[in-house]
>>> print(open('run.csv').read())   # CSV, C-alpha atoms and all ligand atoms
chain,number,residue,atom,x,y,z
A,1,MET,CA,-10.6,22.5,-29.4
A,2,ASN,CA,-9.2,19.2,-30.6
A,3,SER,CA,-10.6,16.3,-28.7
A,4,ASP,CA,-7.4,15.3,-27.0
A,5,SER,CA,-5.9,18.7,-26.3
A,6,ILE,CA,-5.7,20.0,-22.8
A,7,ARG,CA,-8.2,22.7,-21.6
A,8,GLN,CA,-5.9,25.5,-20.4
A,9,ALA,CA,-8.1,26.8,-17.7
A,10,SER,CA,-7.0,29.7,-15.5
A,11,ALA,CA,-6.4,29.3,-11.8
A,12,LYS,CA,-9.6,31.2,-11.1
A,13,GLU,CA,-11.6,28.9,-13.4
A,14,ILE,CA,-10.2,25.9,-11.7
A,15,GLU,CA,-10.9,27.4,-8.3
A,16,ASP,CA,-14.5,28.1,-9.3
A,17,TRP,CA,-14.9,24.6,-10.6
A,18,ILE,CA,-13.6,23.0,-7.4
A,19,VAL,CA,-15.7,25.3,-5.2
A,20,ALA,CA,-18.8,24.4,-7.2
A,21,ARG,CA,-18.1,20.7,-6.9
A,22,ILE,CA,-17.4,20.8,-3.2
A,23,ALA,CA,-20.7,22.8,-2.7
A,24,GLU,CA,-22.5,19.9,-4.5
A,25,ILE,CA,-20.9,17.2,-2.5
A,26,VAL,CA,-21.5,18.8,0.9
A,27,ASN,CA,-24.9,20.3,-0.1
A,28,MET,CA,-24.1,23.9,0.5
A,29,ALA,CA,-24.5,27.0,-1.7
A,30,PRO,CA,-21.2,27.7,-3.6
A,31,ALA,CA,-21.1,31.2,-2.0
A,32,ASN,CA,-20.7,29.4,1.4
A,33,VAL,CA,-17.7,27.4,0.3
A,34,SER,CA,-14.7,29.6,1.0
A,35,ALA,CA,-11.7,29.3,-1.3
A,36,ASP,CA,-9.6,30.3,1.6
A,37,ALA,CA,-10.3,27.1,3.5
A,38,PRO,CA,-8.2,24.0,3.0
A,39,PHE,CA,-9.8,21.1,1.1
A,40,ASP,CA,-9.8,18.8,4.1
A,41,SER,CA,-11.9,21.1,6.1
A,42,PHE,CA,-15.1,20.0,4.4
A,43,GLY,CA,-15.2,16.5,5.7
A,44,ILE,CA,-15.1,14.9,2.3
A,45,ASP,CA,-14.2,11.2,2.3
A,46,SER,CA,-11.4,9.8,0.2
A,47,ALA,CA,-13.8,8.1,-2.3
A,48,LYS,CA,-15.6,11.4,-3.0
A,49,ALA,CA,-12.3,13.3,-3.1
A,50,ILE,CA,-10.9,10.9,-5.7
A,51,SER,CA,-14.1,11.2,-7.8
A,52,LEU,CA,-13.7,15.0,-7.7
A,53,MET,CA,-10.1,14.7,-8.9
A,54,VAL,CA,-11.0,12.3,-11.7
A,55,GLU,CA,-13.9,14.6,-12.8
A,56,LEU,CA,-11.5,17.6,-12.7
A,57,GLU,CA,-8.9,15.7,-14.8
A,58,ASN,CA,-11.6,14.8,-17.3
A,59,TRP,CA,-12.9,18.3,-17.5
A,60,LEU,CA,-9.4,19.5,-18.1
A,61,ASN,CA,-8.8,16.7,-20.6
A,62,LEU,CA,-5.5,15.7,-19.0
A,63,PRO,CA,-3.4,12.8,-20.3
A,64,ASP,CA,-1.9,12.2,-16.8
A,65,GLU,CA,-3.2,12.2,-13.3
A,66,LEU,CA,-2.8,15.2,-11.1
A,67,PRO,CA,-0.6,14.7,-8.0
A,68,LEU,CA,-3.1,14.4,-5.1
A,69,GLU,CA,-0.8,16.6,-2.9
A,70,LEU,CA,-1.8,19.6,-5.0
A,71,LEU,CA,-5.3,19.3,-3.5
A,72,PHE,CA,-4.6,17.8,-0.1
A,73,GLU,CA,-1.4,19.6,1.0
A,74,ALA,CA,-2.5,23.1,-0.1
A,75,GLU,CA,-3.3,25.6,2.7
A,76,ALA,CA,-6.4,26.7,0.8
A,77,ILE,CA,-8.5,25.8,-2.2
A,78,ARG,CA,-7.2,28.9,-3.9
A,79,ASP,CA,-3.6,27.7,-3.6
A,80,ALA,CA,-4.6,24.2,-4.7
A,81,ALA,CA,-6.2,25.8,-7.9
A,82,ALA,CA,-3.0,27.8,-8.5
A,83,GLY,CA,-0.9,24.7,-8.2
A,84,ILE,CA,-3.2,22.7,-10.4
A,85,ALA,CA,-3.2,25.4,-13.1
A,86,ALA,CA,0.6,25.4,-13.1
A,87,ALA,CA,0.7,21.6,-13.4
A,88,VAL,CA,-1.8,21.8,-16.3
A,89,ALA,CA,0.3,24.4,-18.1
A,90,ASP,CA,3.3,22.0,-17.7
A,91,MET,CA,1.4,19.1,-19.2
A,92,ALA,CA,0.2,21.3,-22.0
A,93,ALA,CA,3.7,22.4,-22.8
A,94,ALA,CA,4.9,18.8,-22.8
A,95,GLN,CA,2.0,17.9,-25.1
A,96,ALA,CA,2.9,20.7,-27.5
A,97,GLU,CA,6.5,19.5,-27.6
A,98,GLY,CA,5.9,15.8,-27.9
B,1,MET,CA,-17.1,-10.6,-4.7
B,2,MET,CA,-16.4,-13.4,-2.4
B,3,GLN,CA,-19.0,-15.4,-0.5
B,4,ASP,CA,-16.9,-16.7,2.2
B,5,ASP,CA,-18.3,-16.7,5.6
B,6,VAL,CA,-15.8,-19.0,7.2
B,7,ILE,CA,-13.1,-17.2,9.1
B,8,GLU,CA,-9.8,-18.6,8.3
B,9,TYR,CA,-7.3,-18.4,11.1
B,10,GLY,CA,-4.5,-16.0,10.5
B,11,GLY,CA,-5.7,-14.7,7.2
B,12,SER,CA,-7.9,-16.0,4.4
B,13,ALA,CA,-6.3,-17.9,1.5
B,14,ALA,CA,-9.3,-17.3,-0.8
B,15,ALA,CA,-9.2,-13.6,-0.1
B,16,ILE,CA,-5.5,-13.5,-0.9
B,17,ARG,CA,-6.0,-15.3,-4.2
B,18,HIS,CA,-8.9,-12.9,-5.0
B,19,HIS,CA,-6.4,-10.1,-4.8
B,20,TYR,CA,-3.1,-11.4,-6.0
B,21,ASP,CA,-3.9,-14.0,-8.6
B,22,VAL,CA,-5.1,-11.4,-11.1
B,23,GLY,CA,-1.9,-12.3,-12.9
B,24,ASN,CA,1.8,-11.6,-12.7
B,25,ASP,CA,1.8,-9.8,-16.0
B,26,PHE,CA,-0.8,-7.3,-14.8
B,27,TYR,CA,1.3,-6.4,-11.7
B,28,SER,CA,4.6,-6.3,-13.5
B,29,ALA,CA,3.1,-3.6,-15.8
B,30,TRP,CA,2.7,-1.1,-13.0
B,31,LEU,CA,5.0,-2.2,-10.1
B,32,ASP,CA,8.7,-1.3,-10.2
B,33,PRO,CA,11.2,-3.9,-11.6
B,34,THR,CA,11.8,-5.4,-8.1
B,35,MET,CA,8.1,-6.3,-8.2
B,36,THR,CA,7.6,-4.9,-4.7
B,37,TYR,CA,4.0,-4.5,-3.8
B,38,SER,CA,4.2,-2.4,-0.6
B,39,SER,CA,5.2,1.1,0.3
B,40,ALA,CA,8.6,2.4,-0.9
B,41,MET,CA,10.7,4.6,1.3
B,42,TRP,CA,12.0,8.1,0.5
B,43,ASP,CA,13.8,8.8,3.8
B,44,GLY,CA,17.3,10.0,2.9
B,45,LEU,CA,16.5,10.2,-0.8
B,46,PRO,CA,15.6,13.3,-2.9
B,47,LYS,CA,11.8,13.9,-2.9
B,48,ASP,CA,11.6,13.2,-6.6
B,49,ALA,CA,13.7,10.0,-6.5
B,50,PRO,CA,12.2,7.3,-8.8
B,51,LEU,CA,10.0,4.5,-7.4
B,52,GLU,CA,12.6,1.8,-8.0
B,53,GLU,CA,15.2,3.6,-6.0
B,54,ALA,CA,12.8,4.2,-3.1
B,55,GLN,CA,11.8,0.5,-3.2
B,56,LYS,CA,15.4,-0.5,-2.9
B,57,ARG,CA,15.8,1.9,-0.1
B,58,LYS,CA,12.9,0.1,1.7
B,59,LEU,CA,14.4,-3.3,1.1
B,60,ALA,CA,17.7,-2.1,2.6
B,61,TYR,CA,15.9,-0.5,5.5
B,62,HIS,CA,14.4,-3.8,6.6
B,63,ALA,CA,17.5,-5.8,5.9
B,64,GLU,CA,19.5,-3.5,8.1
B,65,SER,CA,16.7,-3.5,10.7
B,66,VAL,CA,17.3,-7.2,11.3
B,67,GLY,CA,21.0,-6.9,10.9
B,68,ALA,CA,21.1,-9.1,7.8
B,69,ALA,CA,24.6,-10.6,7.3
B,70,GLU,CA,26.5,-13.3,5.6
B,71,GLY,CA,25.5,-16.8,6.4
B,72,MET,CA,22.2,-16.0,8.0
B,73,ARG,CA,18.9,-17.7,7.5
B,74,ILE,CA,15.9,-15.3,7.2
B,75,LEU,CA,12.2,-15.8,6.9
B,76,ASP,CA,10.0,-13.5,4.9
B,77,VAL,CA,6.4,-13.8,5.9
B,78,GLY,CA,4.3,-12.7,3.0
B,79,CYS,CA,7.1,-12.6,0.4
B,80,GLY,CA,5.2,-11.5,-2.6
B,81,TRP,CA,7.3,-11.9,-5.7
B,82,GLY,CA,10.5,-12.4,-3.7
B,83,GLY,CA,12.2,-9.0,-4.1
B,84,MET,CA,13.2,-8.9,-0.5
B,85,MET,CA,14.8,-12.3,-0.5
B,86,ARG,CA,16.6,-11.6,-3.8
B,87,ASN,CA,18.1,-8.5,-2.2
B,88,LEU,CA,19.0,-10.3,1.0
B,89,ARG,CA,20.9,-12.8,-1.1
B,90,SER,CA,22.6,-10.5,-3.5
B,91,SER,CA,23.5,-7.5,-1.3
B,92,TYR,CA,23.9,-9.1,2.2
B,93,GLY,CA,25.2,-12.6,1.5
B,94,VAL,CA,22.4,-14.2,3.4
B,95,ALA,CA,22.8,-17.9,3.1
B,96,GLU,CA,19.2,-19.0,3.0
B,97,CYS,CA,15.8,-17.3,2.6
B,98,VAL,CA,12.4,-18.8,3.0
B,99,GLY,CA,9.3,-16.9,1.9
B,100,LEU,CA,5.7,-17.7,2.8
B,101,THR,CA,2.9,-16.7,0.4
B,102,LEU,CA,-0.7,-17.7,-0.1
B,103,SER,CA,-0.6,-17.0,-3.8
B,104,GLU,CA,0.2,-19.7,-6.3
B,105,GLU,CA,1.2,-17.3,-9.0
B,106,GLN,CA,3.8,-15.8,-6.6
B,107,LEU,CA,5.0,-19.2,-5.7
B,108,ALA,CA,5.5,-20.1,-9.3
B,109,TYR,CA,7.3,-16.8,-10.0
B,110,ILE,CA,9.8,-17.3,-7.2
B,111,GLN,CA,10.4,-21.0,-8.2
B,112,GLN,CA,11.4,-20.0,-11.7
B,113,LEU,CA,14.0,-17.6,-10.3
B,114,GLY,CA,16.1,-20.7,-9.8
B,115,ASP,CA,18.1,-19.6,-6.8
B,116,PRO,CA,18.8,-22.6,-4.5
B,117,GLY,CA,19.2,-20.2,-1.6
B,118,ILE,CA,15.6,-19.0,-1.9
B,119,GLY,CA,12.7,-21.2,-1.0
B,120,ALA,CA,9.1,-20.4,-1.3
B,121,VAL,CA,6.3,-22.2,0.7
B,122,LEU,CA,2.6,-21.9,-0.1
B,123,SER,CA,1.5,-21.7,3.5
B,124,ASN,CA,-0.3,-19.5,6.0
B,125,TRP,CA,2.1,-18.5,8.7
B,126,HIS,CA,-0.4,-19.9,11.1
B,127,ASP,CA,0.1,-23.4,9.8
B,128,TYR,CA,3.8,-23.2,9.1
B,129,ARG,CA,6.3,-25.2,11.1
B,130,PRO,CA,10.0,-24.6,10.1
B,131,ASP,CA,12.4,-27.5,10.5
B,132,LYS,CA,15.2,-25.2,11.7
B,133,PRO,CA,15.2,-21.8,13.5
B,134,PHE,CA,15.8,-18.6,11.7
B,135,ASP,CA,18.1,-15.8,12.6
B,136,ALA,CA,15.6,-13.1,11.7
B,137,ILE,CA,12.2,-12.5,10.3
B,138,ILE,CA,10.9,-9.8,7.9
B,139,SER,CA,7.2,-9.2,7.1
B,140,VAL,CA,6.2,-6.4,4.8
B,141,GLY,CA,2.6,-5.7,3.7
B,142,ALA,CA,1.2,-9.0,5.0
B,143,PHE,CA,0.0,-8.2,8.6
B,144,GLU,CA,-2.8,-6.2,7.0
B,145,HIS,CA,-4.4,-9.6,6.0
B,146,PHE,CA,-4.1,-11.4,9.3
B,147,ALA,CA,-7.3,-10.3,11.0
B,148,HIS,CA,-10.8,-10.5,9.9
B,149,PRO,CA,-13.4,-7.7,10.1
B,150,GLN,CA,-15.9,-10.0,11.8
B,151,GLN,CA,-13.5,-10.7,14.7
B,152,SER,CA,-13.7,-8.7,17.9
B,153,VAL,CA,-10.8,-6.5,19.0
B,154,ASP,CA,-9.8,-9.2,21.5
B,155,GLU,CA,-9.9,-11.9,18.9
B,156,ARG,CA,-7.9,-9.8,16.4
B,157,ARG,CA,-5.3,-9.1,19.1
B,158,GLY,CA,-5.2,-12.8,19.9
B,159,VAL,CA,-4.3,-13.6,16.2
B,160,TYR,CA,-1.6,-10.9,16.2
B,161,ARG,CA,-0.2,-12.2,19.5
B,162,GLU,CA,0.0,-15.7,18.0
B,163,PHE,CA,1.9,-14.2,15.2
B,164,PHE,CA,4.4,-12.5,17.5
B,165,GLN,CA,4.7,-15.7,19.6
B,166,ALA,CA,5.4,-17.7,16.4
B,167,CYS,CA,8.1,-15.2,15.3
B,168,ARG,CA,9.7,-15.5,18.7
B,169,ASP,CA,9.6,-19.2,18.7
B,170,TRP,CA,11.0,-19.4,15.1
B,171,THR,CA,14.0,-17.3,16.0
B,172,ALA,CA,14.6,-19.3,19.2
B,173,GLY,CA,13.8,-16.3,21.4
B,174,LYS,CA,16.7,-14.2,20.2
B,175,GLY,CA,15.9,-13.0,16.8
B,176,ARG,CA,14.8,-9.7,15.3
B,177,LEU,CA,11.7,-8.9,13.4
B,178,SER,CA,11.1,-6.1,11.0
B,179,LEU,CA,7.5,-5.4,10.3
B,180,GLN,CA,5.8,-3.0,7.9
B,181,THR,CA,2.1,-2.7,7.9
B,182,ILE,CA,-0.7,-0.2,7.1
B,183,ALA,CA,-2.6,0.7,10.3
B,184,TYR,CA,-5.6,2.8,11.2
B,185,GLY,CA,-4.8,6.4,11.8
B,186,LYS,CA,-7.5,9.0,12.4
B,187,MET,CA,-10.0,6.7,10.9
B,188,SER,CA,-11.7,4.0,12.9
B,189,PRO,CA,-12.6,0.5,11.6
B,190,GLU,CA,-16.3,1.5,11.4
B,191,ASP,CA,-15.5,4.2,8.8
B,192,ALA,CA,-13.7,1.8,6.4
B,193,ASN,CA,-14.7,2.4,2.8
B,194,PRO,CA,-17.0,-0.5,1.6
B,195,PHE,CA,-15.3,-0.4,-1.9
B,196,ILE,CA,-11.9,-1.2,-0.5
B,197,SER,CA,-13.1,-3.6,2.2
B,198,ASN,CA,-15.4,-5.6,-0.2
B,199,GLU,CA,-13.9,-5.4,-3.6
B,200,ILE,CA,-10.2,-5.1,-3.1
B,201,PHE,CA,-9.4,-6.7,0.2
B,202,PRO,CA,-12.3,-8.9,1.2
B,203,ALA,CA,-11.9,-10.5,4.6
B,204,ALA,CA,-9.1,-8.2,5.8
B,205,GLU,CA,-8.9,-5.8,8.7
B,206,LEU,CA,-6.2,-3.4,9.5
B,207,PRO,CA,-4.5,-3.2,12.9
B,208,THR,CA,-4.2,-0.2,15.1
B,209,LEU,CA,-0.9,0.8,16.7
B,210,GLU,CA,-2.4,-0.2,20.1
B,211,ASP,CA,-3.3,-3.6,18.8
B,212,ILE,CA,0.4,-4.2,17.9
B,213,VAL,CA,1.7,-2.8,21.2
B,214,VAL,CA,-0.6,-5.0,23.2
B,215,ALA,CA,-0.2,-8.1,21.1
B,216,SER,CA,3.7,-8.0,21.2
B,217,LYS,CA,4.0,-7.0,24.8
B,218,GLY,CA,6.4,-9.3,26.6
B,219,LEU,CA,7.3,-11.2,23.4
B,220,PHE,CA,9.2,-8.4,21.6
B,221,ARG,CA,10.6,-5.1,22.6
B,222,ILE,CA,9.8,-2.3,20.2
B,223,GLU,CA,13.1,-0.8,19.3
B,224,ARG,CA,12.2,1.7,16.6
B,225,LEU,CA,8.9,2.8,15.2
B,226,ARG,CA,8.1,5.1,12.2
B,227,ASP,CA,4.9,6.2,10.5
B,228,ASP,CA,5.6,6.8,6.9
B,229,GLY,CA,2.1,7.2,5.5
B,230,LEU,CA,3.1,9.9,3.0
B,231,ASP,CA,5.6,7.4,1.5
B,232,TYR,CA,2.7,5.1,0.8
B,233,ALA,CA,0.6,7.9,-0.7
B,234,ARG,CA,3.4,8.7,-3.1
B,235,THR,CA,3.9,5.0,-3.9
B,236,CYS,CA,0.2,4.5,-4.7
B,237,GLU,CA,0.2,7.6,-6.9
B,238,MET,CA,3.2,6.4,-8.8
B,239,TRP,CA,1.7,3.0,-9.3
B,240,SER,CA,-1.5,4.5,-10.5
B,241,ASN,CA,0.3,6.7,-13.0
B,242,LYS,CA,2.3,3.8,-14.2
B,243,LEU,CA,-0.8,1.8,-14.7
B,244,ARG,CA,-2.3,4.6,-16.8
B,245,GLY,CA,0.9,4.7,-18.9
B,246,ALA,CA,0.7,0.9,-19.4
B,247,VAL,CA,-2.8,1.2,-20.7
B,248,ARG,CA,-1.9,4.1,-23.0
B,249,SER,CA,1.1,2.1,-24.4
B,250,GLY,CA,-1.1,-1.0,-24.9
B,251,VAL,CA,0.8,-3.2,-22.3
B,252,VAL,CA,-2.3,-3.5,-20.2
B,253,ASP,CA,-5.7,-4.1,-21.9
B,254,PRO,CA,-8.6,-2.6,-19.9
B,255,ALA,CA,-10.9,-5.2,-21.5
B,256,ILE,CA,-9.0,-8.0,-19.7
B,257,HIS,CA,-7.7,-6.4,-16.6
B,258,PRO,CA,-9.5,-4.5,-13.8
B,259,VAL,CA,-7.8,-1.2,-14.6
B,260,GLU,CA,-10.6,1.1,-13.5
B,261,LYS,CA,-11.0,-0.7,-10.2
B,262,TYR,CA,-7.3,-0.7,-9.4
B,263,SER,CA,-6.7,2.9,-10.3
B,264,ARG,CA,-9.6,3.9,-8.1
B,265,TYR,CA,-8.3,1.8,-5.3
B,266,LEU,CA,-4.8,3.1,-5.6
B,267,ARG,CA,-5.8,6.7,-5.6
B,268,MET,CA,-8.3,6.3,-2.8
B,269,SER,CA,-5.6,4.7,-0.7
B,270,ALA,CA,-3.3,7.5,-1.5
B,271,ALA,CA,-6.0,10.0,-0.4
B,272,GLY,CA,-6.4,8.0,2.8
B,273,PHE,CA,-2.7,8.3,3.6
B,274,ARG,CA,-2.6,11.9,2.8
B,275,MET,CA,-5.6,12.6,5.0
B,276,ARG,CA,-3.9,10.5,7.7
B,277,LYS,CA,-6.9,8.3,8.0
B,278,ILE,CA,-4.5,5.4,7.6
B,279,GLY,CA,-0.8,5.3,8.3
B,280,LEU,CA,2.2,3.1,7.4
B,281,LEU,CA,4.0,1.6,10.4
B,282,ARG,CA,7.6,0.4,10.2
B,283,ILE,CA,8.5,-1.3,13.4
B,284,ALA,CA,11.8,-2.9,14.4
B,285,PHE,CA,11.3,-5.6,17.1
B,286,ALA,CA,14.0,-7.3,19.2
B,287,ALA,CA,13.2,-10.4,21.2
B,288,ASP,CA,16.0,-10.0,23.8
C,1,LIG,C1,1.0,-6.9,-0.3
C,1,LIG,S1,1.8,-8.4,-0.6
C,1,LIG,C2,3.5,-7.9,-0.1
C,1,LIG,C3,4.5,-8.7,-0.7
C,1,LIG,C4,5.9,-8.3,-0.4
C,1,LIG,N1,6.3,-8.5,1.0
C,1,LIG,C5,6.3,-7.0,-0.9
C,1,LIG,O1,6.6,-6.1,-0.1
C,1,LIG,O2,6.3,-6.8,-2.2
C,1,LIG,C6,1.2,-9.5,0.7
C,1,LIG,C7,1.8,-10.9,0.7
C,1,LIG,O3,1.5,-11.5,2.0
C,1,LIG,C8,1.0,-12.8,1.7
C,1,LIG,N2,0.2,-13.2,2.9
C,1,LIG,C9,-0.9,-12.6,3.3
C,1,LIG,N3,-1.5,-13.2,4.4
C,1,LIG,C10,-0.6,-14.2,4.6
C,1,LIG,C11,-0.6,-15.3,5.6
C,1,LIG,N4,-1.6,-15.4,6.5
C,1,LIG,N5,0.4,-16.2,5.6
C,1,LIG,C12,1.3,-16.1,4.7
C,1,LIG,N6,1.4,-15.1,3.7
C,1,LIG,C13,0.4,-14.2,3.7
C,1,LIG,C14,0.4,-12.7,0.4
C,1,LIG,O4,0.4,-14.0,-0.3
C,1,LIG,C15,1.4,-11.8,-0.3
C,1,LIG,O5,2.5,-12.5,-0.8
>>> encode(input="run.csv", output="structure tokens", more="lines below")
Ligand SMILES: C[S@@+](CC[C@H](N)C(=O)[O-])C[C@H]1O[C@@H](n2cnc3c(N)ncnc32)[C@H](O)[C@@H]1O
Amino acid sequence: MNSDSIRQASAKEIEDWIVARIAEIVNMAPANVSADAPFDSFGIDSAKAISLMVELENWLNLPDELPLELLFEAEAIRDAAAGIAAAVADMAAAQAEG
Amino acid sequence: MMQDDVIEYGGSAAAIRHHYDVGNDFYSAWLDPTMTYSSAMWDGLPKDAPLEEAQKRKLAYHAESVGAAEGMRILDVGCGWGGMMRNLRSSYGVAECVGLTLSEEQLAYIQQLGDPGIGAVLSNWHDYRPDKPFDAIISVGAFEHFAHPQQSVDERRGVYREFFQACRDWTAGKGRLSLQTIAYGKMSPEDANPFISNEIFPAAELPTLEDIVVASKGLFRIERLRDDGLDYARTCEMWSNKLRGAVRSGVVDPAIHPVEKYSRYLRMSAAGFRMRKIGLLRIAFAAD
């Protein structure tokens, strides 16, 4: 993979990544973090939430920031991951074109 | 960080300079062309309307809130780079605008606009004494700076009340006031994030809606009130994206400007609005 190309992770991979990161932040086993729960149900403060987003963007090697609403406004982490995967695919398509 | 233990009445000048005198060039790289440094407004616009359009919508909202019209004299408390006053002059035929700011860079910026109908004064509202009354007052994104975290709730409300009293006096008891400010939502002052309270806005404390209601009671009637926190979330995210683009295109050099710090601050603020920890109040007041 070229150093500045986007990692085209699947929705499931992104979901697993977010679940694992939440588990670390709130000190729980990943198995106890339900992907059906909304992100804001874990009591994560805005500073930690932003760090999580930045780490996710770095892991995905994105040129642009992800809209926060994908994480905050989703009904469940699973939906957030699907929305993020779609946004990543769009960015990758734009990168391939431009 | 600032070592400033003296509480300045009505807002700290040193704290304002700490934040705003980072340089006009830095701000112009990521603010919209109107140089508005406060929440835009998407009400009535498509969800994906660009930032500049939503900033103009906001400027119009406040102008209309105070009934801006030809020949009027309007005060802008915390005028930033003067975008509101420019719009009042060009779109509403307002005769004279006076803007108060604590930032020397902003003052210089407004002075070089060269509009004789726009005056900027480097003054805290608390020390300001106009020579003639105004027809209306607008204050957007400044109220956040008026109180100090070391003040008690009563002291803070006292400062706000003085502000409302001053606005009433300066409009001879018959003017209108359009206020826009961030306020605490679900979050209480004790939960404020130390990064934002120390590094970005030292010596500033947000109001609660109750503070504003109590402090303005008997001085102004609240005519209209909106909480548009999601507008501010969107604004902050757009700024942050623009800042990133400016770094990528070489307009902003991260070696010179505090890019990392600002982008973290902007995104954290956006998260706070999205989580409803903080909100954005737009309040139309009438004195009569
Ligand atoms: C966030 S900026 C908003 C500027 C402008 N209203 C806008 O929307 O772009 C805050 C402004 O309030 C001013 N300010 C803060 N506290 C003040 C005070 N106590 N008296 C006068 N101006 C103040 C600052 O100098 C700055 O111009």
>>> residues_near_ligand(input="run.csv", ligand="ligand LIG 1 (chain C)", cutoff="6 Å", atoms="all atoms listed in the file", output="VMD selection string")
chain B and resid 10 to 11 16 36 to 38 77 to 80 100 to 103 123 to 125 140 to 142 145 to 146
>>> write_last_selection(input="run.csv", atoms="C-alpha atoms", output="compact mmCIF listing (two decimals), in the frame of the given file")
# COMPACT_ATOMS: atom_id res chain seq x y z
CA GLY B 10 -4.50 -16.00 10.50
CA GLY B 11 -5.70 -14.70 7.20
CA ILE B 16 -5.50 -13.50 -0.90
CA THR B 36 7.60 -4.90 -4.70
CA TYR B 37 4.00 -4.50 -3.80
CA SER B 38 4.20 -2.40 -0.60
CA VAL B 77 6.40 -13.80 5.90
CA GLY B 78 4.30 -12.70 3.00
CA CYS B 79 7.10 -12.60 0.40
CA GLY B 80 5.20 -11.50 -2.60
CA LEU B 100 5.70 -17.70 2.80
CA THR B 101 2.90 -16.70 0.40
CA LEU B 102 -0.70 -17.70 -0.10
CA SER B 103 -0.60 -17.00 -3.80
CA SER B 123 1.50 -21.70 3.50
CA ASN B 124 -0.30 -19.50 6.00
CA TRP B 125 2.10 -18.50 8.70
CA VAL B 140 6.20 -6.40 4.80
CA GLY B 141 2.60 -5.70 3.70
CA ALA B 142 1.20 -9.00 5.00
CA HIS B 145 -4.40 -9.60 6.00
CA PHE B 146 -4.10 -11.40 9.30
>>> residues_near_point(input="run.csv", point="(12.6, -26.1, 14.8)", cutoff="10 Å", atoms="only C-alpha atoms", output="number ranges by chain")
B: 129-134, 169-172
>>> interface_residues(input="run.csv", of="chain A", to="chain B", cutoff="12 Å", atoms="only C-alpha atoms", output="NGL selection string")
:A and (38-41 or 43-54 or 62-74)
>>> atom_distance(input="run.csv", atom1="atom CA of Lys186 of chain B", atom2="atom CA of Lys56 of chain B")
29.1 Å
>>> residues_near_point(input="run.csv", point="(-13.4, 22.7, -6.5)", cutoff="12 Å", atoms="only C-alpha atoms", output="ChimeraX atom specification")
/A:11-26,30,33-40,42,44,49,51-57,59,71-72,76-82,84
>>> closest_residue(input="run.csv", among="B:Glu64, B:Asp211, B:Asp25, B:Glu70", to="Tyr109 of chain B", atoms="only C-alpha atoms")
B:Asp25
>>> atom_distance(input="run.csv", atom1="atom CA of Lys58 of chain B", atom2="atom CA of Trp42 of chain B")
8.1 Å
>>> atom_distance(input="run.csv", atom1="atom CA of Ala183 of chain B", atom2="atom CA of Leu280 of chain B")
6.1 Å
>>> closest_residue(input="run.csv", among="B:Pro149, B:Gly82, B:Gly279, B:Pro46", to="Arg226 of chain B", atoms="only C-alpha atoms")
B:Gly279
>>> residues_around(input="run.csv", residues="Met187 of chain B", least_positions_apart="2", cutoff="8 Å", atoms="all atoms listed in the file", output="ChimeraX atom specification")
/B:184-185,189,191-192,276-278
>>> closest_residue(input="run.csv", among="B:Met35, B:Ile283, B:Ala120, B:Leu243", to="Ser178 of chain B", atoms="all atoms listed in the file")
B:Ile283
>>> residues_around(input="run.csv", residues="Val252 of chain B", least_positions_apart="4", cutoff="7 Å", atoms="all atoms listed in the file", output="JSON, numbers by chain")
{"B": [26, 29, 246, 247]}
